file final-v7.csv (CSV, C-alpha atoms and all ligand atoms)
chain,number,residue,atom,x,y,z
A,1,MET,CA,20.6,21.1,-17.7
A,2,ASN,CA,23.6,21.5,-15.4
A,3,PHE,CA,27.1,21.4,-16.9
A,4,TRP,CA,28.0,18.2,-15.1
A,5,GLU,CA,25.0,16.4,-16.5
A,6,GLU,CA,25.6,17.4,-20.1
A,7,LYS,CA,29.4,17.5,-20.4
A,8,SER,CA,32.0,14.8,-20.2
A,9,LEU,CA,34.9,15.4,-17.9
A,10,ASP,CA,37.1,15.9,-20.9
A,11,ASP,CA,34.9,18.7,-22.2
A,12,MET,CA,34.7,20.8,-19.0
A,13,SER,CA,36.3,24.2,-18.7
A,14,ASP,CA,38.9,24.8,-16.1
A,15,SER,CA,36.4,26.6,-13.8
A,16,GLU,CA,33.8,23.8,-14.2
A,17,TRP,CA,36.5,21.2,-13.5
A,18,GLU,CA,37.5,23.0,-10.3
A,19,ALA,CA,33.9,23.4,-9.2
A,20,LEU,CA,33.4,19.7,-9.3
A,21,CYS,CA,35.6,19.1,-6.3
A,22,ASP,CA,33.3,18.7,-3.3
A,23,GLY,CA,36.0,19.8,-0.8
A,24,CYS,CA,36.1,16.5,1.1
A,25,ALA,CA,40.0,16.5,1.3
A,26,ARG,CA,40.1,12.7,1.3
A,27,CYS,CA,42.7,13.0,-1.4
A,28,CYS,CA,44.8,15.2,1.0
A,29,LEU,CA,45.3,12.2,3.4
A,30,ILE,CA,48.7,10.5,3.4
A,31,LYS,CA,48.6,7.1,1.8
A,32,LEU,CA,50.9,4.2,2.4
A,33,GLU,CA,51.7,1.3,0.2
A,34,ASP,CA,52.0,-2.3,1.5
A,35,GLU,CA,55.4,-3.4,0.3
A,36,ASP,CA,54.3,-7.0,-0.1
A,37,THR,CA,50.9,-6.6,-1.8
A,38,GLY,CA,51.2,-3.2,-3.4
A,39,GLN,CA,47.9,-2.3,-1.8
A,40,ILE,CA,47.4,1.4,-1.1
A,41,VAL,CA,45.9,2.2,2.3
A,42,THR,CA,44.8,5.6,3.6
A,43,SER,CA,45.8,7.1,7.0
A,44,ASP,CA,44.1,9.7,9.1
A,45,VAL,CA,47.1,12.0,8.7
A,46,HIS,CA,46.5,15.0,6.4
A,47,CYS,CA,48.8,17.2,4.4
A,48,LYS,CA,50.3,20.1,6.3
A,49,LEU,CA,48.7,22.6,3.9
A,50,MET,CA,45.1,21.5,4.5
A,51,ASP,CA,43.0,24.0,6.5
A,52,THR,CA,41.3,22.1,9.2
A,53,ASN,CA,38.5,24.5,9.4
A,54,ASP,CA,37.0,23.8,6.0
A,55,CYS,CA,39.3,21.1,4.5
A,56,SER,CA,40.6,23.5,1.8
A,57,CYS,CA,44.1,23.8,0.6
A,58,THR,CA,45.8,26.9,2.0
A,59,GLN,CA,48.2,27.1,-0.9
A,60,TYR,CA,46.2,25.8,-3.8
A,61,MET,CA,47.9,27.8,-6.6
A,62,ASP,CA,51.4,26.8,-5.4
A,63,ARG,CA,50.5,23.4,-4.0
A,64,GLN,CA,52.6,21.3,-6.3
A,65,LYS,CA,55.7,23.4,-5.8
A,66,LEU,CA,55.3,23.1,-2.0
A,67,VAL,CA,54.1,19.5,-1.9
A,68,PRO,CA,55.6,17.6,-4.7
A,69,ASP,CA,53.4,14.5,-3.9
A,70,CYS,CA,50.3,16.5,-4.4
A,71,ILE,CA,48.5,15.2,-7.5
A,72,LYS,CA,46.9,17.6,-9.9
A,73,LEU,CA,43.8,15.7,-11.0
A,74,THR,CA,43.1,15.7,-14.7
A,75,PRO,CA,40.4,14.0,-16.8
A,76,GLN,CA,43.1,11.5,-17.8
A,77,ASN,CA,44.7,10.6,-14.4
A,78,VAL,CA,41.4,10.5,-12.5
A,79,ARG,CA,40.5,7.4,-14.4
A,80,GLU,CA,43.7,5.7,-13.3
A,81,ILE,CA,44.0,6.6,-9.6
A,82,LYS,CA,42.6,3.6,-7.8
A,83,TRP,CA,42.5,5.2,-4.3
A,84,MET,CA,40.1,7.9,-5.1
A,85,PRO,CA,37.2,7.5,-2.6
A,86,VAL,CA,33.8,6.3,-4.0
A,87,THR,CA,32.3,9.5,-2.9
A,88,CYS,CA,34.7,11.7,-5.0
A,89,ALA,CA,32.7,13.8,-7.4
A,90,TYR,CA,35.0,13.0,-10.3
A,91,ARG,CA,34.8,9.3,-9.7
A,92,ARG,CA,31.0,9.4,-9.3
A,93,LEU,CA,30.7,11.2,-12.6
A,94,LEU,CA,32.9,8.6,-14.3
A,95,GLU,CA,30.8,5.9,-12.9
A,96,GLY,CA,27.6,7.5,-14.1
A,97,LYS,CA,26.3,8.2,-10.6
A,98,GLY,CA,26.0,12.0,-10.9
A,99,LEU,CA,26.6,14.4,-8.1
A,100,ALA,CA,25.1,13.4,-4.7
A,101,TRP,CA,22.9,15.5,-2.5
A,102,TRP,CA,25.8,16.7,-0.3
A,103,HIS,CA,27.8,18.1,-3.2
A,104,PRO,CA,27.9,21.9,-2.9
A,105,LEU,CA,26.8,22.4,-6.5
A,106,VAL,CA,23.6,20.5,-5.6
A,107,SER,CA,23.0,21.6,-2.1
A,108,GLY,CA,24.2,25.2,-2.5
A,109,THR,CA,26.4,25.1,0.6
A,110,THR,CA,29.8,23.7,1.3
A,111,GLU,CA,28.6,22.5,4.7
A,112,THR,CA,26.7,19.5,3.4
A,113,VAL,CA,30.0,17.6,2.6
A,114,HIS,CA,30.8,17.8,6.3
A,115,GLN,CA,27.3,17.0,7.4
A,116,ALA,CA,27.2,13.9,5.2
A,117,GLY,CA,30.4,12.5,6.9
A,118,ILE,CA,32.2,12.6,3.6
A,119,SER,CA,35.0,15.0,4.5
A,120,VAL,CA,38.0,14.6,6.8
A,121,LYS,CA,36.9,17.5,9.0
A,122,ASP,CA,37.5,16.7,12.6
A,123,ARG,CA,38.8,13.2,11.7
A,124,ALA,CA,42.4,13.7,10.7
A,125,VAL,CA,45.6,15.0,12.2
A,126,ASN,CA,48.2,17.3,10.7
A,127,GLU,CA,51.3,15.5,9.3
A,128,GLU,CA,53.4,18.0,11.2
A,129,LEU,CA,52.2,16.5,14.5
A,130,VAL,CA,52.9,12.9,13.5
A,131,GLY,CA,56.3,11.4,12.9
A,132,GLU,CA,56.7,9.5,9.7
A,133,ASP,CA,57.6,6.4,11.7
A,134,GLU,CA,54.1,6.6,13.3
A,135,TRP,CA,52.1,6.8,10.0
A,136,GLU,CA,51.6,3.1,10.0
A,137,ASP,CA,49.7,3.4,13.3
A,138,HIS,CA,47.4,5.9,11.7
A,139,ILE,CA,46.1,3.6,8.9
A,140,VAL,CA,42.3,3.7,9.1
A,141,GLY,CA,39.5,2.1,7.2
A,142,TRP,CA,37.8,5.2,5.8
A,143,PRO,CA,34.2,4.2,5.1
A,144,GLU,CA,33.7,3.5,1.5
A,145,PHE,CA,30.0,4.2,1.8
A,146,ASP,CA,27.8,6.2,-0.3
A,147,PRO,CA,25.2,8.0,1.8
A,148,THR,CA,22.8,8.7,-1.0
A,149,ALA,CA,19.9,9.3,1.4
A,150,GLU,CA,19.7,12.8,2.7
A,151,PRO,CA,19.2,12.8,6.5
A,152,GLU,CA,15.8,13.8,7.6
A,153,GLY,CA,15.5,17.4,8.6
A,154,ASP,CA,18.2,18.6,6.3
A,155,GLU,CA,15.9,19.3,3.4
B,1,LIG,S1,38.4,13.2,-3.1
B,1,LIG,FE1,37.6,14.2,-5.0
B,1,LIG,S2,36.0,15.5,-4.3
B,1,LIG,FE2,37.2,15.0,-2.5
B,1,LIG,S3,38.7,16.7,-2.3
B,1,LIG,FE3,39.7,15.1,-3.5
B,1,LIG,S4,39.2,15.6,-5.7
B,1,LIG,FE4,37.8,16.8,-4.4
B,2,LIG,S1,48.9,20.5,-1.2
B,2,LIG,FE1,46.8,21.1,-0.8
B,2,LIG,S2,45.6,20.0,-2.4
B,2,LIG,FE2,47.7,19.0,-2.2
B,2,LIG,S3,47.5,17.4,-0.7
B,2,LIG,FE3,48.2,19.2,0.4
B,2,LIG,S4,46.3,20.2,1.1
B,2,LIG,FE4,45.7,18.8,-0.5
call {"tool": "encode", "arguments": {"input": "final-v7.csv", "output": "structure tokens"}}
result
Amino acid sequence: MNFWEEKSLDDMSDSEWEALCDGCARCCLIKLEDEDTGQIVTSDVHCKLMDTNDCSCTQYMDRQKLVPDCIKLTPQNVREIKWMPVTCAYRRLLEGKGLAWWHPLVSGTTETVHQAGISVKDRAVNEELVGEDEWEDHIVGWPEFDPTAEPEGDE
């Protein structure tokens, strides 16, 4: 049995925890809060440290020093953060859905997260290219879909 099928999030080692991230970088998008409703909305503006080639963090070890807003996910806070996408591997495990076909631990390749349309690759713009006063214009409705069916021909 795979570790993510037999262990709870709380019981995972650091390396197992890190391996669970599918690399979608949806959590690296800038969020805005509606002052009236408190609702959190997501933009298509990504953190300046995100590598647009593969959606990885270019300064992962120092990320919180360089980007104070960057949230280090833990088994505790991942339960409380409401804006995590439904596709996020941590959220899926918490909801008992398991890892989907596109997850690199299942597919064996980091490419499937992009092929499934889960990642922000080619869909977001670097924050250094967008003034803060323009972020509101970049609010987008990221699809909260769950493509559980693997596309034909990808097997
Ligand atoms: S949304 Fe979840 S799976 Fe995607 S990059 Fe963030 S932590 Fe990883
Ligand atoms: S610092 Fe890295 S992990 Fe944090 S939001 Fe930016 S790109 Fe993502």
call {"tool": "atom_distance", "arguments": {"input": "final-v7.csv", "atom1": "atom CA of A:Thr42", "atom2": "atom CA of A:Arg92"}}
result
19.3 Å
call {"tool": "closest_residue", "arguments": {"input": "final-v7.csv", "among": "A:Ala89, A:Val45, A:Leu105, A:Val67", "to": "A:Leu129", "atoms": "all atoms listed in the file"}}
result
A:Val45
call {"tool": "residues_near_ligand", "arguments": {"input": "final-v7.csv", "ligand": "ligand LIG 1 (chain B)", "cutoff": "6 Å", "atoms": "only C-alpha atoms and all ligand atoms", "output": "JSON, numbers by chain"}}
result
{"A": [21, 22, 23, 24, 25, 26, 27, 84, 85, 88, 89]}
call {"tool": "residues_near_ligand", "arguments": {"input": "final-v7.csv", "ligand": "ligand LIG 2 (chain B)", "cutoff": "9 Å", "atoms": "only C-alpha atoms and all ligand atoms", "output": "count of residues only"}}
result
30
call {"tool": "residues_around", "arguments": {"input": "final-v7.csv", "residues": "A:Glu132", "least_positions_apart": "3", "cutoff": "12 Å", "atoms": "only C-alpha atoms", "output": "PyMOL selection string"}}
result
chain A and resi 30-32+43+45+126-129+135-138
call {"tool": "closest_residue", "arguments": {"input": "final-v7.csv", "among": "A:Phe3, A:Pro104, A:Gly117, A:Thr112", "to": "A:Ser15", "atoms": "all atoms listed in the file"}}
result
A:Phe3
call {"tool": "atom_distance", "arguments": {"input": "final-v7.csv", "atom1": "atom CA of A:Asn53", "atom2": "atom CA of A:Ile139"}}
result
22.2 Å
call {"tool": "atom_distance", "arguments": {"input": "final-v7.csv", "atom1": "atom CA of A:Asn77", "atom2": "atom CA of A:Asp54"}}
result
25.5 Å
call {"tool": "closest_residue", "arguments": {"input": "final-v7.csv", "among": "A:Gly38, A:Leu20, A:Val140, A:Ser13", "to": "A:Gly98", "atoms": "all atoms listed in the file"}}
result
A:Leu20
call {"tool": "residues_around", "arguments": {"input": "final-v7.csv", "residues": "A:Thr52", "least_positions_apart": "5", "cutoff": "9 Å", "atoms": "all atoms listed in the file", "output": "ChimeraX atom specification"}}
result
/A:120-122,124-126
call {"tool": "closest_residue", "arguments": {"input": "final-v7.csv", "among": "A:Gln39, A:Thr74, A:Asn2, A:Ser119", "to": "A:Asp14", "atoms": "only C-alpha atoms"}}
result
A:Thr74
call {"tool": "residues_around", "arguments": {"input": "final-v7.csv", "residues": "A:Leu94", "least_positions_apart": "3", "cutoff": "8 Å", "atoms": "all atoms listed in the file", "output": "PyMOL selection string"}}
result
chain A and resi 9+79+90-91+97
